[in-house]
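Trainee: Provided herewith: coords-v6.cif, mmCIF, C-alpha atoms.
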data_run
loop_
_atom_site.label_atom_id
_atom_site.label_comp_id
_atom_site.auth_asym_id
_atom_site.auth_seq_id
_atom_site.Cartn_x
_atom_site.Cartn_y
_atom_site.Cartn_z
CA MET A 1102 12.83 -196.21 192.09
CA ASN A 1103 15.61 -195.49 194.50
CA ARG A 1104 17.12 -198.85 193.63
CA HIS A 1105 17.92 -197.76 190.00
CA ARG A 1106 19.46 -194.35 190.94
CA PRO A 1107 22.90 -195.76 191.81
CA LEU A 1108 23.00 -197.66 188.56
CA ARG A 1109 22.16 -194.55 186.54
CA SER A 1110 24.91 -192.63 188.28
CA LEU A 1111 27.39 -195.36 187.51
CA ALA A 1112 26.32 -195.35 183.85
CA ILE A 1113 26.76 -191.60 183.58
CA LEU A 1114 30.19 -191.86 185.16
CA ALA A 1115 31.09 -194.63 182.73
CA LEU A 1116 30.05 -192.47 179.78
CA LEU A 1117 32.09 -189.43 180.82
CA PRO A 1118 35.33 -190.78 179.31
CA VAL A 1119 33.44 -191.54 176.09
CA PHE A 1120 32.08 -187.98 175.92
CA GLY A 1121 35.55 -186.65 176.65
CA VAL A 1122 37.04 -188.58 173.75
CA VAL A 1123 34.23 -187.42 171.44
CA PHE A 1124 34.70 -183.80 172.37
CA TRP A 1125 38.47 -184.14 171.98
CA LEU A 1126 38.06 -185.53 168.45
CA THR A 1127 35.59 -182.77 167.67
CA ALA A 1128 38.11 -180.15 168.82
CA VAL A 1129 40.86 -181.66 166.64
CA VAL A 1130 38.60 -181.69 163.57
CA ALA A 1131 37.41 -178.14 164.21
CA SER A 1132 41.00 -176.86 164.49
CA SER A 1133 41.62 -177.96 160.89
CA ILE A 1134 38.70 -175.79 159.65
CA PRO A 1135 39.87 -172.13 160.29
CA SER A 1136 37.36 -169.32 160.73
CA LEU A 1137 34.40 -171.83 160.91
CA LEU A 1138 34.38 -174.00 164.06
CA VAL A 1139 36.42 -173.92 167.26
CA VAL A 1140 36.14 -175.70 170.54
CA ASP A 1141 34.55 -173.68 173.31
CA VAL A 1142 36.10 -174.75 176.61
CA ASN A 1143 35.37 -173.28 180.00
CA VAL A 1144 35.50 -174.56 183.45
CA HIS A 1145 31.86 -175.70 183.30
CA GLY A 1146 32.10 -177.92 180.18
CA LEU A 1147 32.85 -178.27 176.47
CA THR A 1148 30.60 -176.70 173.77
CA LEU A 1149 30.81 -176.04 170.03
CA ALA A 1150 30.27 -172.49 168.73
CA THR A 1151 30.53 -171.02 165.28
CA TYR A 1152 32.56 -167.90 164.61
CA ALA A 1153 31.53 -167.64 160.99
CA GLY A 1154 28.03 -166.18 161.39
CA ASP A 1155 26.00 -164.13 163.81
CA SER A 1156 25.84 -166.58 166.72
CA GLN A 1157 23.69 -165.67 169.76
CA GLN A 1158 25.54 -168.16 171.94
CA ARG A 1159 28.18 -166.70 174.27
CA VAL A 1160 31.48 -168.53 173.75
CA ALA A 1161 33.94 -169.41 176.48
CA PRO A 1162 37.55 -168.12 176.39
CA LEU A 1163 39.88 -170.14 174.13
CA SER A 1164 43.08 -171.70 175.37
CA LEU A 1165 46.41 -170.26 174.17
CA ARG A 1166 47.28 -173.43 172.29
CA VAL A 1167 44.05 -173.40 170.30
CA LEU A 1168 44.52 -169.72 169.35
CA ASP A 1169 48.10 -170.36 168.24
CA ASP A 1170 47.02 -173.32 166.04
CA ALA A 1171 44.24 -171.27 164.47
CA ASN A 1172 46.61 -168.36 163.64
CA GLN A 1173 49.16 -170.74 162.03
CA ASP A 1174 46.46 -172.39 159.89
CA ALA A 1175 45.13 -169.01 158.75
CA THR A 1176 48.66 -167.84 157.79
CA LYS A 1177 49.35 -171.04 155.79
CA ALA A 1178 46.09 -170.65 153.89
CA ALA A 1179 46.88 -166.99 152.94
CA LEU A 1180 50.43 -167.70 151.66
CA PRO A 1181 50.94 -169.21 148.13
CA ALA A 1182 52.25 -172.75 147.96
CA PRO A 1183 56.09 -172.82 147.70
CA THR A 1184 57.51 -174.04 144.40
CA SER A 1185 60.56 -175.64 146.03
CA GLY A 1186 61.90 -176.57 149.38
CA ARG A 1187 63.55 -173.16 149.79
CA SER A 1188 61.93 -170.50 151.91
CA LEU A 1189 60.64 -167.44 150.09
CA PRO A 1190 62.74 -164.31 150.59
CA THR A 1191 61.10 -161.52 152.45
CA PRO A 1192 60.24 -158.75 149.95
CA MET A 1193 62.08 -155.51 150.42
CA PRO A 1194 59.91 -152.51 151.17
CA THR A 1195 59.50 -150.13 148.24
CA ALA A 1196 59.10 -146.41 148.49
CA SER A 1197 55.54 -145.35 147.82
CA SER A 1198 56.62 -142.07 146.21
CA SER A 1199 59.77 -140.18 145.22
CA PRO A 1200 61.19 -137.79 147.83
CA THR A 1201 59.96 -134.25 147.54
CA PRO A 1202 62.87 -131.85 146.67
CA THR A 1203 63.61 -129.15 149.16
CA PRO A 1204 62.83 -125.74 147.61
CA LEU A 1205 65.76 -123.33 147.31
CA PRO A 1206 65.54 -120.10 149.27
CA VAL A 1207 64.48 -117.12 147.17
CA PRO A 1208 66.78 -114.10 147.69
CA SER A 1209 65.09 -110.96 148.81
CA PRO A 1210 65.37 -108.03 146.33
CA LEU A 1211 67.71 -105.24 147.28
CA PRO A 1212 66.02 -102.02 148.30
CA THR A 1213 65.82 -99.46 145.51
CA PRO A 1214 66.97 -95.97 146.52
CA SER A 1215 64.23 -93.38 146.42
CA SER A 1216 66.31 -91.02 144.31
CA PRO A 1217 69.34 -91.71 142.04
CA VAL A 1218 72.76 -90.76 143.35
CA PRO A 1219 74.32 -88.20 141.02
CA SER A 1220 77.55 -89.39 139.43
CA PRO A 1221 80.52 -87.02 139.32
CA THR A 1222 80.86 -85.08 136.08
CA PRO A 1223 84.20 -85.91 134.41
CA THR A 1224 86.49 -82.99 133.73
CA PRO A 1225 87.09 -82.73 129.97
CA THR A 1226 90.69 -83.19 128.89
CA PRO A 1227 91.84 -80.62 126.36
CA GLY A 1228 92.74 -82.11 122.99
CA SER A 1229 96.27 -81.99 121.65
CA ALA A 1230 97.41 -79.60 118.94
CA THR A 1231 100.06 -79.80 116.20
CA ILE A 1232 102.79 -77.41 115.11
CA ALA A 1233 104.29 -78.35 111.76
CA GLY A 1234 106.17 -76.60 108.98
CA GLN A 1235 109.16 -76.41 106.65
CA VAL A 1236 112.61 -74.79 106.64
CA THR A 1237 113.86 -73.42 103.30
CA ASP A 1238 116.65 -71.29 101.89
CA SER A 1239 115.61 -67.65 101.64
CA GLN A 1240 117.31 -67.17 98.27
CA THR A 1241 116.86 -70.45 96.47
CA HIS A 1242 113.62 -71.48 98.24
CA LEU A 1243 115.06 -74.99 98.40
CA PRO A 1244 114.36 -77.14 101.52
CA ILE A 1245 117.08 -77.30 104.14
CA ALA A 1246 117.57 -80.83 105.48
CA GLY A 1247 118.96 -81.35 108.99
CA ALA A 1248 117.89 -77.93 110.29
CA ALA A 1249 117.26 -77.92 114.06
CA VAL A 1250 113.77 -76.82 115.15
CA ALA A 1251 112.87 -76.33 118.85
CA VAL A 1252 109.72 -75.38 120.81
CA SER A 1253 110.08 -72.95 123.73
CA GLN A 1254 107.77 -74.88 126.12
CA GLY A 1255 108.17 -78.57 126.86
CA GLY A 1256 111.74 -78.80 125.55
CA GLN A 1257 110.74 -80.52 122.31
CA SER A 1258 113.17 -80.38 119.40
CA ALA A 1259 113.62 -82.17 116.08
CA LEU A 1260 115.65 -82.16 112.86
CA THR A 1261 114.01 -81.54 109.51
CA ASP A 1262 113.81 -84.42 107.03
CA THR A 1263 115.03 -84.41 103.42
CA ASN A 1264 112.05 -82.22 102.50
CA GLY A 1265 112.91 -79.74 105.26
CA THR A 1266 109.66 -80.55 107.17
CA PHE A 1267 109.05 -81.00 110.92
CA SER A 1268 106.07 -81.69 113.24
CA PHE A 1269 105.35 -81.43 116.99
CA SER A 1270 102.35 -82.60 119.07
CA VAL A 1271 101.71 -80.03 121.80
CA SER A 1272 99.01 -78.91 124.23
CA PRO A 1273 96.92 -75.84 123.35
CA GLY A 1274 98.82 -72.62 124.06
CA THR A 1275 101.33 -70.11 122.74
CA TYR A 1276 104.82 -71.22 121.74
CA THR A 1277 108.01 -69.74 120.30
CA VAL A 1278 109.45 -71.94 117.54
CA THR A 1279 113.10 -71.46 116.52
CA ALA A 1280 114.90 -72.88 113.44
CA LYS A 1281 118.59 -72.80 112.62
CA ALA A 1282 121.01 -74.58 110.31
CA THR A 1283 124.74 -74.66 109.63
CA GLY A 1284 125.76 -71.76 107.32
CA TYR A 1285 122.48 -69.93 107.96
CA GLY A 1286 121.27 -67.44 110.48
CA SER A 1287 118.56 -68.54 112.95
CA ALA A 1288 114.91 -67.44 112.79
CA SER A 1289 112.04 -67.53 115.32
CA GLN A 1290 108.24 -67.26 115.14
CA THR A 1291 105.48 -67.12 117.78
CA VAL A 1292 102.63 -69.61 117.27
CA THR A 1293 99.30 -69.97 119.13
CA VAL A 1294 97.31 -73.19 118.76
CA ASN A 1295 93.98 -74.43 120.16
CA GLY A 1296 92.87 -77.99 120.91
CA GLY A 1297 92.75 -80.12 117.76
CA GLN A 1298 94.28 -77.31 115.65
CA ARG A 1299 97.24 -77.65 113.29
CA ALA A 1300 99.50 -74.61 112.81
CA ASN A 1301 101.84 -74.47 109.78
CA VAL A 1302 105.07 -72.45 110.01
CA ILE A 1303 107.48 -71.67 107.15
CA PHE A 1304 111.06 -70.67 107.93
CA ARG A 1305 113.28 -69.00 105.28
CA LEU A 1306 116.83 -69.02 106.58
CA VAL A 1307 119.47 -66.64 105.23
CA SER A 1308 122.86 -68.11 104.35
CA VAL A 1309 125.91 -66.38 105.81
CA THR A 1310 128.60 -68.04 103.66
CA ALA A 1311 127.45 -68.74 100.07
CA PHE A 1312 125.76 -65.43 99.39
CA GLY A 1313 126.66 -62.01 98.15
CA SER A 1314 124.81 -58.76 97.48
CA LEU A 1315 123.53 -57.08 94.38
CA VAL A 1316 122.80 -53.34 94.12
CA GLY A 1317 122.26 -50.98 91.18
CA MET A 1318 120.67 -47.92 89.51
CA VAL A 1319 118.42 -47.47 86.51
CA THR A 1320 118.77 -44.27 84.46
CA ASP A 1321 117.47 -42.73 81.24
CA SER A 1322 119.93 -43.23 78.35
CA VAL A 1323 119.28 -39.71 76.92
CA SER A 1324 119.13 -37.50 80.03
CA ASP A 1325 120.91 -39.78 82.52
CA ALA A 1326 118.05 -39.01 84.91
CA PRO A 1327 117.10 -41.79 87.35
CA VAL A 1328 114.08 -43.86 86.38
CA ALA A 1329 111.79 -44.35 89.41
CA GLY A 1330 109.35 -47.28 89.57
CA ALA A 1331 111.32 -49.47 87.19
CA THR A 1332 110.94 -53.25 87.75
CA VAL A 1333 114.17 -55.22 88.27
CA SER A 1334 113.95 -59.04 88.11
CA LEU A 1335 116.53 -61.77 88.61
CA SER A 1336 116.25 -65.07 86.82
CA ASN A 1337 115.84 -66.81 90.21
CA GLY A 1338 112.46 -65.05 90.67
CA MET A 1339 113.49 -62.26 92.99
CA VAL A 1340 111.95 -58.87 92.02
CA ARG A 1341 112.68 -55.33 93.14
CA VAL A 1342 111.27 -51.87 92.23
CA THR A 1343 113.52 -48.80 91.93
CA ASP A 1344 112.97 -45.92 94.32
CA LEU A 1345 112.78 -42.21 93.49
CA ASP A 1346 116.51 -42.16 92.88
CA GLY A 1347 116.30 -45.15 90.56
CA ASN A 1348 118.14 -47.45 93.02
CA PHE A 1349 117.43 -51.12 93.78
CA SER A 1350 119.08 -53.62 96.14
CA TYR A 1351 119.31 -57.35 96.83
CA ALA A 1352 120.89 -57.73 100.23
CA ILE A 1353 121.42 -61.49 100.00
CA VAL A 1354 121.84 -63.34 96.75
CA LEU A 1355 123.13 -66.87 96.36
CA SER A 1356 126.50 -66.88 94.66
CA GLY A 1357 126.22 -67.50 90.96
CA SER A 1358 125.31 -65.95 87.62
CA TYR A 1359 121.86 -64.53 86.90
CA THR A 1360 119.99 -62.75 84.16
CA LEU A 1361 118.90 -59.30 85.29
CA THR A 1362 115.89 -57.80 83.44
CA VAL A 1363 114.79 -54.14 83.81
CA SER A 1364 111.59 -52.62 82.39
CA ALA A 1365 109.95 -49.19 82.79
CA VAL A 1366 107.10 -47.24 81.28
CA GLY A 1367 108.20 -45.31 78.13
CA HIS A 1368 111.47 -47.25 77.91
CA VAL A 1369 112.73 -50.29 76.11
CA THR A 1370 113.12 -53.42 78.31
CA GLN A 1371 116.74 -54.40 78.74
CA SER A 1372 118.42 -57.62 80.03
CA GLN A 1373 122.01 -58.44 81.02
CA VAL A 1374 123.95 -61.18 82.85
CA VAL A 1375 125.30 -60.44 86.34
CA THR A 1376 127.55 -62.51 88.59
CA VAL A 1377 127.26 -62.54 92.38
CA LYS A 1378 130.29 -63.61 94.34
CA THR A 1379 130.28 -65.00 97.86
CA GLY A 1380 130.78 -62.27 100.43
CA HIS A 1381 130.88 -59.53 97.80
CA THR A 1382 128.46 -56.81 96.71
CA THR A 1383 127.93 -56.58 92.98
CA ASN A 1384 127.03 -53.09 91.64
CA VAL A 1385 125.12 -52.81 88.36
CA GLN A 1386 124.33 -49.66 86.32
CA ILE A 1387 121.53 -49.94 83.76
CA SER A 1388 120.65 -47.28 81.13
CA LEU A 1389 117.24 -47.61 79.47
CA ALA A 1390 116.54 -46.24 76.01
CA ARG A 1391 113.28 -44.44 75.37
CA ASN A 1392 110.62 -45.84 73.06
#
Before anything else, please render the file you have as structure tokens.
Mentor:
Amino acid sequence: MNRHRPLRSLAILALLPVFGVVFWLTAVVASSIPSLLVVDVNVHGLTLATYAGDSQQRVAPLSLRVLDDANQDATKAALPAPTSGRSLPTPMPTASSSPTPTPLPVPSPLPTPSSPVPSPTPTPTPGSATIAGQVTDSQTHLPIAGAAVAVSQGGQSALTDTNGTFSFSVSPGTYTVTAKATGYGSASQTVTVNGGQRANVIFRLVSVTAFGSLVGMVTDSVSDAPVAGATVSLSNGMVRVTDLDGNFSYAIVLSGSYTLTVSAVGHVTQSQVVTVKTGHTTNVQISLARN
């Protein structure tokens, strides 16, 4: 019995290299099958363990080389086969979602005053007024062109147009308006105007060069008594009435010839031609016959 023990030991020693080669081949084959079989190596021996199922056997720590080979094989199996010899470009990362815009700040409302601030009441400006009118000849009633018209306040002045008219824009108030023309005496009037009002003024200037005077008396042709209340008319439209003494008078008459007509109650109307000379007084005696 003791005689065969050395032989058995020698046989076991002789088989150790064979077992080593077998386990080495098993490890190489297992490394080509990822996630199924690996070689379990520890300091006490070599065993096979499965990592695919629920194994109750406690595996020994793997060597770094075996782990590196297993990771490379798993990576090659996960990647698609290349279509050419070129390496696949690394895909660029894509944004999972668009950036969220930053909200703009909302301005805070201004505080509202508890009570409105009263605005100043504007002072009303008085409206302008107008002074307008015409300058005419006192005897002929014709317009006088080029007559000078002036306003006492403000220093405004103007010349009348061909129709003898004038116009001023003034502030409300009281004014003295004066008109004068060459060969005529001047005349003045006081005018009061309110805002937006128009005041019309008529000036009748008396000529001092081309006029004369006309005076006369009307009497009864039978008794030679004066006829009071008789109407005396000139053909230019001027009319006078005799006084108690039967007298009438035209202080200023434009030089020229006129038809003088006299009428009275109980008497026959009578007409005659009279001539007025410049700077002279013409005296006329008229005797009316009874009806």
Trainee: Could you please determine the separation between atom CA of A:Ser1270 and atom CA of A:Gly1247 in Å, to one decimal place?
Mentor: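 Computing it gives 19.5 Å between the two atoms.
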Trainee: Extract, using only C-alpha atoms, all DNA, RNA and protein residues at most 9 Å from A:Tyr1276, discarding same-chain residues fewer than 4 positions from it, and format them as a PyMOL selection string.
Mentor: chain A and resi 1252-1254+1290-1294
Trainee: Point out the residue among A:Thr1376, A:Gln1298, A:Ser1364, A:Thr1283 with the least atom-to-atom distance to A:Val1316, counting all atoms listed in the file.
Mentor: A:Thr1376
Trainee: Run the PyMOL selection byres ((chain A and resi 1370-1373) around 9) on the file and write out the hits as a ChimeraX atom specification.
Mentor: /A:1359-1365,1368-1369,1374-1375,1387-1390
Trainee: Find the residues near A:Thr1383: any atom within 7 Å, counting all atoms listed in the file, skip ones fewer than 6 places away on the same chain, and give them as a list in words.
Mentor: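 Here the qualifying residues turn out to be Ser1314, Leu1315, Val1316 and Val1377 of chain A.
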Trainee: Could you tell me which of A:Leu1243, A:Ile1232, A:Val1328, A:Val1385 comes closest to A:Gly1296 if we count all atoms listed in the file?
Mentor: A:Ile1232
Trainee: Name the residues, using the chain letters and numbers of the file, that sit within 10 Å of (112.9, -60.6, 96.4) when counting all atoms listed in the file, and give them as a list in words.
Mentor: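 Residues with an atom close enough to that point: Ser1239, Gln1240, Val1333, Ser1334, Leu1335, Asn1337, Gly1338, Met1339, Val1340, Arg1341, Val1342, Ser1350, Tyr1351, Ala1352, Ile1353 and Val1354 of chain A.
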Trainee: Nearest residue to A:Thr1241 out of A:Ile1113, A:Val1309, A:Val1319, A:Leu1355, using all atoms listed in the file?
Mentor: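 With all atoms listed in the file as the atom set, the closest residue is A:Leu1355.
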Trainee: Could you check which of A:Ser1287, A:Asn1348, A:Ser1356, A:Ser1272 is closest to A:Val1236, using only C-alpha atoms?
Mentor: A:Ser1287
Trainee: Would you compute the distance between atom CA of A:Ala1128 and atom CA of A:Leu1116? Give it in Å to one decimal.
Mentor: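 Between atom CA of A:Ala1128 and atom CA of A:Leu1116 the gap works out to 18.4 Å.
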Trainee: Please, what distance in Å, to one decimal, runs between atom CA of A:Pro1244 and atom CA of A:Thr1382?
Mentor: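 So the two atoms, atom CA of A:Pro1244 and atom CA of A:Thr1382, lie 25.2 Å apart.
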Trainee: List as number ranges by chain: which residues have an atom within 8 Å of (118.8, -43.5, 77.0), counting all atoms listed in the file?
Mentor: A: 1320-1325, 1388-1391
Trainee: Quick one: of A:Gly1380, A:Gly1265, A:Gly1121, A:Gly1367, who's nearest to A:Ile1303, counting all atoms listed in the file?
Mentor: A:Gly1265
Trainee: Can you give me N, CA and C atoms for stretch 1236-1267 of chain A, written as an mmCIF file, in the frame of the given file?
Mentor:
data_model
loop_
_atom_site.group_PDB
_atom_site.id
_atom_site.type_symbol
_atom_site.label_atom_id
_atom_site.label_comp_id
_atom_site.auth_asym_id
_atom_site.auth_seq_id
_atom_site.Cartn_x
_atom_site.Cartn_y
_atom_site.Cartn_z
ATOM 1 N N VAL A 1236 111.482 -75.725 106.609
ATOM 2 C CA VAL A 1236 112.610 -74.790 106.640
ATOM 3 C C VAL A 1236 113.223 -74.763 105.248
ATOM 4 N N THR A 1237 113.322 -73.570 104.663
ATOM 5 C CA THR A 1237 113.860 -73.420 103.300
ATOM 6 C C THR A 1237 114.948 -72.344 103.268
ATOM 7 N N ASP A 1238 115.646 -72.319 102.143
ATOM 8 C CA ASP A 1238 116.650 -71.290 101.890
ATOM 9 C C ASP A 1238 115.934 -70.028 101.414
ATOM 10 N N SER A 1239 116.307 -68.896 101.976
ATOM 11 C CA SER A 1239 115.610 -67.650 101.640
ATOM 12 C C SER A 1239 115.878 -67.190 100.211
ATOM 13 N N GLN A 1240 116.987 -67.600 99.616
ATOM 14 C CA GLN A 1240 117.310 -67.170 98.270
ATOM 15 C C GLN A 1240 116.870 -68.176 97.222
ATOM 16 N N THR A 1241 117.177 -69.419 97.472
ATOM 17 C CA THR A 1241 116.860 -70.450 96.470
ATOM 18 C C THR A 1241 115.494 -71.092 96.688
ATOM 19 N N HIS A 1242 114.902 -70.880 97.859
ATOM 20 C CA HIS A 1242 113.620 -71.480 98.240
ATOM 21 C C HIS A 1242 113.677 -73.011 98.271
ATOM 22 N N LEU A 1243 114.891 -73.548 98.313
ATOM 23 C CA LEU A 1243 115.060 -74.990 98.400
ATOM 24 C C LEU A 1243 114.959 -75.431 99.864
ATOM 25 N N PRO A 1244 114.451 -76.663 100.130
ATOM 26 C CA PRO A 1244 114.360 -77.140 101.520
ATOM 27 C C PRO A 1244 115.731 -77.364 102.118
ATOM 28 N N ILE A 1245 115.825 -77.104 103.408
ATOM 29 C CA ILE A 1245 117.080 -77.300 104.140
ATOM 30 C C ILE A 1245 116.896 -78.540 105.009
ATOM 31 N N ALA A 1246 117.640 -79.604 104.692
ATOM 32 C CA ALA A 1246 117.570 -80.830 105.480
ATOM 33 C C ALA A 1246 118.513 -80.735 106.670
ATOM 34 N N GLY A 1247 118.116 -81.333 107.794
ATOM 35 C CA GLY A 1247 118.960 -81.350 108.990
ATOM 36 C C GLY A 1247 118.918 -80.073 109.787
ATOM 37 N N ALA A 1248 118.009 -79.153 109.488
ATOM 38 C CA ALA A 1248 117.890 -77.930 110.290
ATOM 39 C C ALA A 1248 117.278 -78.305 111.640
ATOM 40 N N ALA A 1249 117.752 -77.653 112.717
ATOM 41 C CA ALA A 1249 117.260 -77.920 114.060
ATOM 42 C C ALA A 1249 116.090 -76.994 114.387
ATOM 43 N N VAL A 1250 114.966 -77.578 114.797
ATOM 44 C CA VAL A 1250 113.770 -76.820 115.150
ATOM 45 C C VAL A 1250 113.418 -77.154 116.595
ATOM 46 N N ALA A 1251 113.171 -76.125 117.427
ATOM 47 C CA ALA A 1251 112.870 -76.330 118.850
ATOM 48 C C ALA A 1251 111.642 -75.515 119.245
ATOM 49 N N VAL A 1252 110.897 -76.052 120.268
ATOM 50 C CA VAL A 1252 109.720 -75.380 120.810
ATOM 51 C C VAL A 1252 110.073 -74.850 122.184
ATOM 52 N N SER A 1253 109.672 -73.602 122.484
ATOM 53 C CA SER A 1253 110.080 -72.950 123.730
ATOM 54 C C SER A 1253 109.571 -73.686 124.960
ATOM 55 N N GLN A 1254 108.339 -74.205 124.965
ATOM 56 C CA GLN A 1254 107.770 -74.880 126.120
ATOM 57 C C GLN A 1254 107.777 -76.389 125.904
ATOM 58 N N GLY A 1255 108.145 -77.119 126.947
ATOM 59 C CA GLY A 1255 108.170 -78.570 126.860
ATOM 60 C C GLY A 1255 109.496 -79.133 126.445
ATOM 61 N N GLY A 1256 110.409 -78.321 125.911
ATOM 62 C CA GLY A 1256 111.740 -78.800 125.550
ATOM 63 C C GLY A 1256 111.766 -79.712 124.349
ATOM 64 N N GLN A 1257 110.730 -79.664 123.490
ATOM 65 C CA GLN A 1257 110.740 -80.520 122.310
ATOM 66 C C GLN A 1257 111.634 -79.927 121.227
ATOM 67 N N SER A 1258 112.329 -80.811 120.517
ATOM 68 C CA SER A 1258 113.170 -80.380 119.400
ATOM 69 C C SER A 1258 113.260 -81.517 118.398
ATOM 70 N N ALA A 1259 113.546 -81.169 117.133
ATOM 71 C CA ALA A 1259 113.620 -82.170 116.080
ATOM 72 C C ALA A 1259 114.451 -81.620 114.932
ATOM 73 N N LEU A 1260 114.925 -82.537 114.066
ATOM 74 C CA LEU A 1260 115.650 -82.160 112.860
ATOM 75 C C LEU A 1260 114.735 -82.335 111.664
ATOM 76 N N THR A 1261 114.830 -81.452 110.708
ATOM 77 C CA THR A 1261 114.010 -81.540 109.510
ATOM 78 C C THR A 1261 114.447 -82.728 108.661
ATOM 79 N N ASP A 1262 113.502 -83.303 107.906
ATOM 80 C CA ASP A 1262 113.810 -84.420 107.030
ATOM 81 C C ASP A 1262 114.359 -83.917 105.704
ATOM 82 N N THR A 1263 114.456 -84.802 104.709
ATOM 83 C CA THR A 1263 115.030 -84.410 103.420
ATOM 84 C C THR A 1263 114.175 -83.357 102.709
ATOM 85 N N ASN A 1264 112.923 -83.251 103.076
ATOM 86 C CA ASN A 1264 112.050 -82.220 102.500
ATOM 87 C C ASN A 1264 112.014 -80.956 103.336
ATOM 88 N N GLY A 1265 112.850 -80.926 104.405
ATOM 89 C CA GLY A 1265 112.910 -79.740 105.260
ATOM 90 C C GLY A 1265 111.703 -79.592 106.181
ATOM 91 N N THR A 1266 110.873 -80.667 106.363
ATOM 92 C CA THR A 1266 109.660 -80.550 107.170
ATOM 93 C C THR A 1266 109.895 -81.047 108.594
ATOM 94 N N PHE A 1267 109.015 -80.605 109.502
ATOM 95 C CA PHE A 1267 109.050 -81.000 110.920
ATOM 96 C C PHE A 1267 107.624 -80.993 111.442
#
